[in-house]
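Visitor: See work-v1.cif below, with mmCIF, C-alpha atoms.
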```cif
data_my_file
#
loop_
_atom_site.group_PDB
_atom_site.id
_atom_site.type_symbol
_atom_site.label_atom_id
_atom_site.label_comp_id
_atom_site.auth_asym_id
_atom_site.auth_seq_id
_atom_site.Cartn_x
_atom_site.Cartn_y
_atom_site.Cartn_z
ATOM 1 C CA MET U 1038 -4.907 12.952 33.607
ATOM 2 C CA ASP U 1039 -6.549 16.089 32.211
ATOM 3 C CA PHE U 1040 -8.920 15.924 29.249
ATOM 4 C CA LYS U 1041 -6.551 17.291 26.576
ATOM 5 C CA ALA U 1042 -3.743 14.970 27.677
ATOM 6 C CA GLU U 1043 -6.119 11.997 27.516
ATOM 7 C CA VAL U 1044 -7.328 12.897 24.003
ATOM 8 C CA THR U 1045 -3.722 13.428 22.860
ATOM 9 C CA ARG U 1046 -2.735 10.033 24.276
ATOM 10 C CA LEU U 1047 -5.629 8.298 22.487
ATOM 11 C CA ILE U 1048 -4.819 9.947 19.137
ATOM 12 C CA ASN U 1049 -1.127 9.066 19.491
ATOM 13 C CA GLU U 1050 -1.993 5.440 20.316
ATOM 14 C CA PHE U 1051 -4.164 5.281 17.192
ATOM 15 C CA LEU U 1052 -1.416 6.813 15.039
ATOM 16 C CA GLU U 1053 1.080 4.223 16.322
ATOM 17 C CA THR U 1054 -1.110 1.573 14.674
ATOM 18 C CA ARG U 1055 -1.211 3.578 11.418
ATOM 19 C CA PRO U 1056 2.321 4.767 10.523
ATOM 20 C CA ASP U 1057 1.045 6.077 7.158
ATOM 21 C CA LEU U 1058 -1.048 8.739 8.963
ATOM 22 C CA PHE U 1059 0.141 11.734 10.963
ATOM 23 C CA LEU U 1060 -1.411 14.457 13.070
ATOM 24 C CA ILE U 1061 -1.622 17.983 11.649
ATOM 25 C CA ASP U 1062 -3.608 19.625 14.418
ATOM 26 C CA LEU U 1063 -5.562 18.818 17.558
ATOM 27 C CA LYS U 1064 -7.817 21.513 19.012
ATOM 28 C CA ILE U 1065 -10.083 21.361 22.020
ATOM 29 C CA SER U 1066 -12.422 24.296 22.552
ATOM 30 C CA PRO U 1067 -13.481 25.565 26.001
ATOM 31 C CA SER U 1068 -16.810 23.772 25.433
ATOM 32 C CA SER U 1069 -14.912 20.464 24.868
ATOM 33 C CA ASP U 1070 -15.390 20.286 21.105
ATOM 34 C CA ILE U 1071 -12.481 18.196 19.796
ATOM 35 C CA THR U 1072 -11.174 18.783 16.256
ATOM 36 C CA VAL U 1073 -8.563 16.401 14.887
ATOM 37 C CA ILE U 1074 -6.927 17.091 11.508
ATOM 38 C CA LEU U 1075 -5.010 14.196 9.966
ATOM 39 C CA ASP U 1076 -2.881 13.762 6.866
ATOM 40 C CA GLY U 1077 -1.337 10.698 5.342
ATOM 41 C CA ASP U 1078 1.483 9.704 3.057
ATOM 42 C CA ASN U 1079 -1.147 8.347 0.646
ATOM 43 C CA GLY U 1080 -3.976 10.664 1.609
ATOM 44 C CA VAL U 1081 -6.688 10.130 4.213
ATOM 45 C CA SER U 1082 -9.817 8.114 3.510
ATOM 46 C CA LEU U 1083 -13.215 8.394 5.137
ATOM 47 C CA GLN U 1084 -12.502 5.060 6.840
ATOM 48 C CA ASP U 1085 -9.275 6.485 8.308
ATOM 49 C CA CYS U 1086 -11.268 9.357 9.841
ATOM 50 C CA LEU U 1087 -13.872 6.929 11.199
ATOM 51 C CA ASP U 1088 -11.168 4.720 12.744
ATOM 52 C CA ALA U 1089 -9.492 7.714 14.416
ATOM 53 C CA SER U 1090 -12.862 8.963 15.656
ATOM 54 C CA ARG U 1091 -13.678 5.573 17.170
ATOM 55 C CA ALA U 1092 -10.245 5.378 18.821
ATOM 56 C CA VAL U 1093 -11.080 8.548 20.726
ATOM 57 C CA GLU U 1094 -14.835 8.281 21.215
ATOM 58 C CA PHE U 1095 -14.944 4.669 22.395
ATOM 59 C CA ASN U 1096 -12.233 5.309 24.997
ATOM 60 C CA LEU U 1097 -13.645 8.444 26.633
ATOM 61 C CA ASP U 1098 -16.549 8.383 29.074
ATOM 62 C CA ARG U 1099 -19.237 10.948 28.200
ATOM 63 C CA GLU U 1100 -20.560 10.613 31.758
ATOM 64 C CA VAL U 1101 -17.263 12.029 33.047
ATOM 65 C CA HIS U 1102 -16.669 14.612 30.311
ATOM 66 C CA ASP U 1103 -19.221 15.593 27.651
ATOM 67 C CA PHE U 1104 -17.581 16.389 24.311
ATOM 68 C CA GLY U 1105 -18.102 16.835 20.586
ATOM 69 C CA LEU U 1106 -15.714 15.203 18.128
ATOM 70 C CA GLN U 1107 -14.732 15.984 14.543
ATOM 71 C CA VAL U 1108 -11.993 14.099 12.679
ATOM 72 C CA MET U 1109 -11.046 15.331 9.221
ATOM 73 C CA SER U 1110 -8.307 15.229 6.649
ATOM 74 C CA ALA U 1111 -6.151 18.229 5.860
ATOM 75 C CA GLY U 1112 -7.640 19.828 2.777
ATOM 76 C CA LEU U 1113 -5.800 21.475 -0.080
ATOM 77 C CA SER U 1114 -6.541 24.826 1.504
ATOM 78 C CA GLU U 1115 -4.528 23.881 4.614
ATOM 79 C CA PRO U 1116 -0.943 25.193 4.693
ATOM 80 C CA LEU U 1117 1.912 22.704 4.453
ATOM 81 C CA GLU U 1118 3.866 22.640 7.689
ATOM 82 C CA SER U 1119 5.904 19.489 8.217
ATOM 83 C CA PRO U 1120 8.591 17.936 6.010
ATOM 84 C CA ARG U 1121 6.315 14.909 5.700
ATOM 85 C CA GLN U 1122 3.542 17.068 4.203
ATOM 86 C CA PHE U 1123 5.951 18.702 1.787
ATOM 87 C CA ARG U 1124 7.362 15.288 0.789
ATOM 88 C CA LYS U 1125 3.960 13.932 -0.213
ATOM 89 C CA ASN U 1126 3.471 16.961 -2.488
ATOM 90 C CA ILE U 1127 6.691 16.615 -4.511
ATOM 91 C CA GLY U 1128 5.855 17.231 -8.163
ATOM 92 C CA ARG U 1129 3.051 19.676 -7.398
ATOM 93 C CA ALA U 1130 3.096 23.432 -7.779
ATOM 94 C CA ILE U 1131 3.245 25.293 -4.482
ATOM 95 C CA ASP U 1132 2.990 28.947 -3.509
ATOM 96 C CA VAL U 1133 5.343 29.959 -0.693
ATOM 97 C CA LEU U 1134 5.052 33.151 1.339
ATOM 98 C CA LEU U 1135 8.495 33.885 2.750
ATOM 99 C CA SER U 1136 9.296 35.553 6.066
ATOM 100 C CA ASP U 1137 10.230 38.772 4.193
ATOM 101 C CA ASP U 1138 6.652 38.776 2.725
ATOM 102 C CA SER U 1139 7.855 37.952 -0.814
ATOM 103 C CA ARG U 1140 6.229 35.073 -2.721
ATOM 104 C CA VAL U 1141 7.720 32.221 -4.712
ATOM 105 C CA GLU U 1142 5.677 29.837 -6.848
ATOM 106 C CA GLY U 1143 7.053 26.780 -8.549
ATOM 107 C CA GLU U 1144 7.202 23.003 -8.659
ATOM 108 C CA LEU U 1145 8.285 21.313 -5.448
ATOM 109 C CA VAL U 1146 11.166 19.053 -6.524
ATOM 110 C CA ASN U 1147 12.955 18.040 -3.323
ATOM 111 C CA VAL U 1148 12.459 18.000 0.445
ATOM 112 C CA ASP U 1149 14.720 17.199 3.388
ATOM 113 C CA GLU U 1150 14.619 17.931 7.115
ATOM 114 C CA GLU U 1151 16.058 21.477 6.789
ATOM 115 C CA LYS U 1152 14.749 22.846 3.478
ATOM 116 C CA ILE U 1153 12.624 22.474 0.367
ATOM 117 C CA VAL U 1154 13.711 22.931 -3.250
ATOM 118 C CA ILE U 1155 11.388 24.640 -5.740
ATOM 119 C CA ARG U 1156 11.915 24.663 -9.492
ATOM 120 C CA LEU U 1157 11.240 28.136 -10.885
ATOM 121 C CA GLU U 1158 10.531 28.673 -14.578
ATOM 122 C CA TYR U 1159 10.444 32.214 -15.904
ATOM 123 C CA ARG U 1160 11.479 34.512 -18.758
ATOM 124 C CA ARG U 1161 14.082 37.223 -18.401
ATOM 125 C CA PRO U 1162 15.828 39.640 -20.753
ATOM 126 C CA LYS U 1163 18.805 38.060 -22.520
ATOM 127 C CA LEU U 1164 22.132 38.869 -20.957
ATOM 128 C CA ILE U 1165 23.564 39.572 -24.421
ATOM 129 C CA GLY U 1166 21.451 40.878 -27.276
ATOM 130 C CA LYS U 1167 17.772 41.634 -27.546
ATOM 131 C CA GLY U 1168 14.779 39.532 -26.584
ATOM 132 C CA LYS U 1169 14.039 37.209 -23.725
ATOM 133 C CA GLU U 1170 15.173 33.764 -22.706
ATOM 134 C CA ASP U 1171 13.583 30.939 -20.714
ATOM 135 C CA VAL U 1172 15.238 30.209 -17.378
ATOM 136 C CA VAL U 1173 14.827 27.145 -15.176
ATOM 137 C CA GLU U 1174 16.312 27.523 -11.717
ATOM 138 C CA ASP U 1175 16.129 25.450 -8.530
ATOM 139 C CA LYS U 1176 15.752 27.537 -5.374
ATOM 140 C CA GLU U 1177 16.462 26.154 -1.908
ATOM 141 C CA ILE U 1178 14.246 27.539 0.853
ATOM 142 C CA PRO U 1179 14.953 26.699 4.518
ATOM 143 C CA TYR U 1180 11.863 25.991 6.633
ATOM 144 C CA SER U 1181 12.881 28.902 8.869
ATOM 145 C CA GLU U 1182 12.180 31.304 5.962
ATOM 146 C CA ILE U 1183 8.712 29.890 5.175
ATOM 147 C CA LYS U 1184 5.805 31.832 6.632
ATOM 148 C CA LYS U 1185 3.112 29.880 4.742
ATOM 149 C CA ALA U 1186 3.092 27.317 1.927
ATOM 150 C CA LEU U 1187 0.039 26.175 -0.025
ATOM 151 C CA VAL U 1188 -0.488 23.689 -2.840
ATOM 152 C CA VAL U 1189 -1.557 25.547 -5.992
ATOM 153 C CA ILE U 1190 -4.839 24.197 -7.326
ATOM 154 C CA LYS U 1191 -5.026 24.243 -11.124
ATOM 155 C CA PHE U 1192 -8.100 23.392 -13.154
#
```
Could you express the structure from this file as structure tokens?
Guide:
Amino acid sequence: MDFKAEVTRLINEFLETRPDLFLIDLKISPSSDITVILDGDNGVSLQDCLDASRAVEFNLDREVHDFGLQVMSAGLSEPLESPRQFRKNIGRAIDVLLSDDSRVEGELVNVDEEKIVIRLEYRRPKLIGKGKEDVVEDKEIPYSEIKKALVVIKF
């Protein structure tokens, strides 16, 4: 079994024991530096990263293949990619770059396997008369139209 396949197998075996965690990314550089990015339904603790690291490190032989290993949680700056990631962020504001390069920002209110639903709140000119009115609208966005989605950090 090649090195990447072995690392992938070890990570997947670890994740089978922890159904609350899921893999975001696994990278192996030409110099055998392994980077594992995890996320979880309830976040990822330092202990979760240590457990995943041990699951890989203790089952690979450094005499056969020398490697470096980094296991980390997906930070807020990481784009949302899977329905599971979107689901854990329901209720938060997200900024979505669409495939036509337009942007939509609003509260994530619903997620399923095909699309997300964002609640948009904005002001527009009244349809009749002068002035402006507040509008609240739910917009469905299929995953196929999402180029990049990030959680909006507000202080």
Visitor: Report the residues retrieved by the PyMOL selection byres ((chain U and resi 1073-1084) around 7) from the displayed file, expressed as a list in words.
Guide: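 Applied to this file, the PyMOL selection byres ((chain U and resi 1073-1084) around 7) returns Asp1057, Leu1058, Phe1059, Leu1060, Ile1061, Asp1062, Leu1063, Lys1064, Ile1071, Thr1072, Asp1085, Cys1086, Leu1087, Asp1088, Gln1107, Val1108, Met1109, Ser1110, Ala1111 and Lys1125 of chain U.
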Visitor: Taking the file as shown, find all residues satisfying the PyMOL selection byres ((chain U and resi 1175) around 12) and write them as a ChimeraX atom specification.
Guide: /U:1141-1147,1153-1159,1172-1174,1176-1178
Visitor: Return the single residue from U:Arg1124, U:Arg1161, U:Ala1130, U:Lys1169 that is closest to Asp1149 (chain U), with distances computed using all atoms listed in the file.
Guide: U:Arg1124
Visitor: Nearest residue to Pro1116 (chain U) out of U:Tyr1180, U:Leu1047, U:Lys1152, U:Ala1186, using all atoms listed in the file?
Guide: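 Nearest candidate to Pro1116 (chain U) out of U:Tyr1180, U:Leu1047, U:Lys1152, U:Ala1186: U:Ala1186.
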Visitor: Which residue, U:Lys1191, U:Arg1091, U:Lys1041, U:Arg1046, has the smallest gap to Asp1070 (chain U) when you use all atoms listed in the file?
Guide: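 Ranked by minimum distance to Asp1070 (chain U), first place goes to U:Lys1041.
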Visitor: Using the chain letters and residue numbers of this document, give as a ChimeraX atom specification the residues selected by the PyMOL selection byres ((chain U and resi 1100-1102) around 12).
Guide: /U:1039-1041,1043-1044,1068-1071,1094,1096-1099,1103-1105
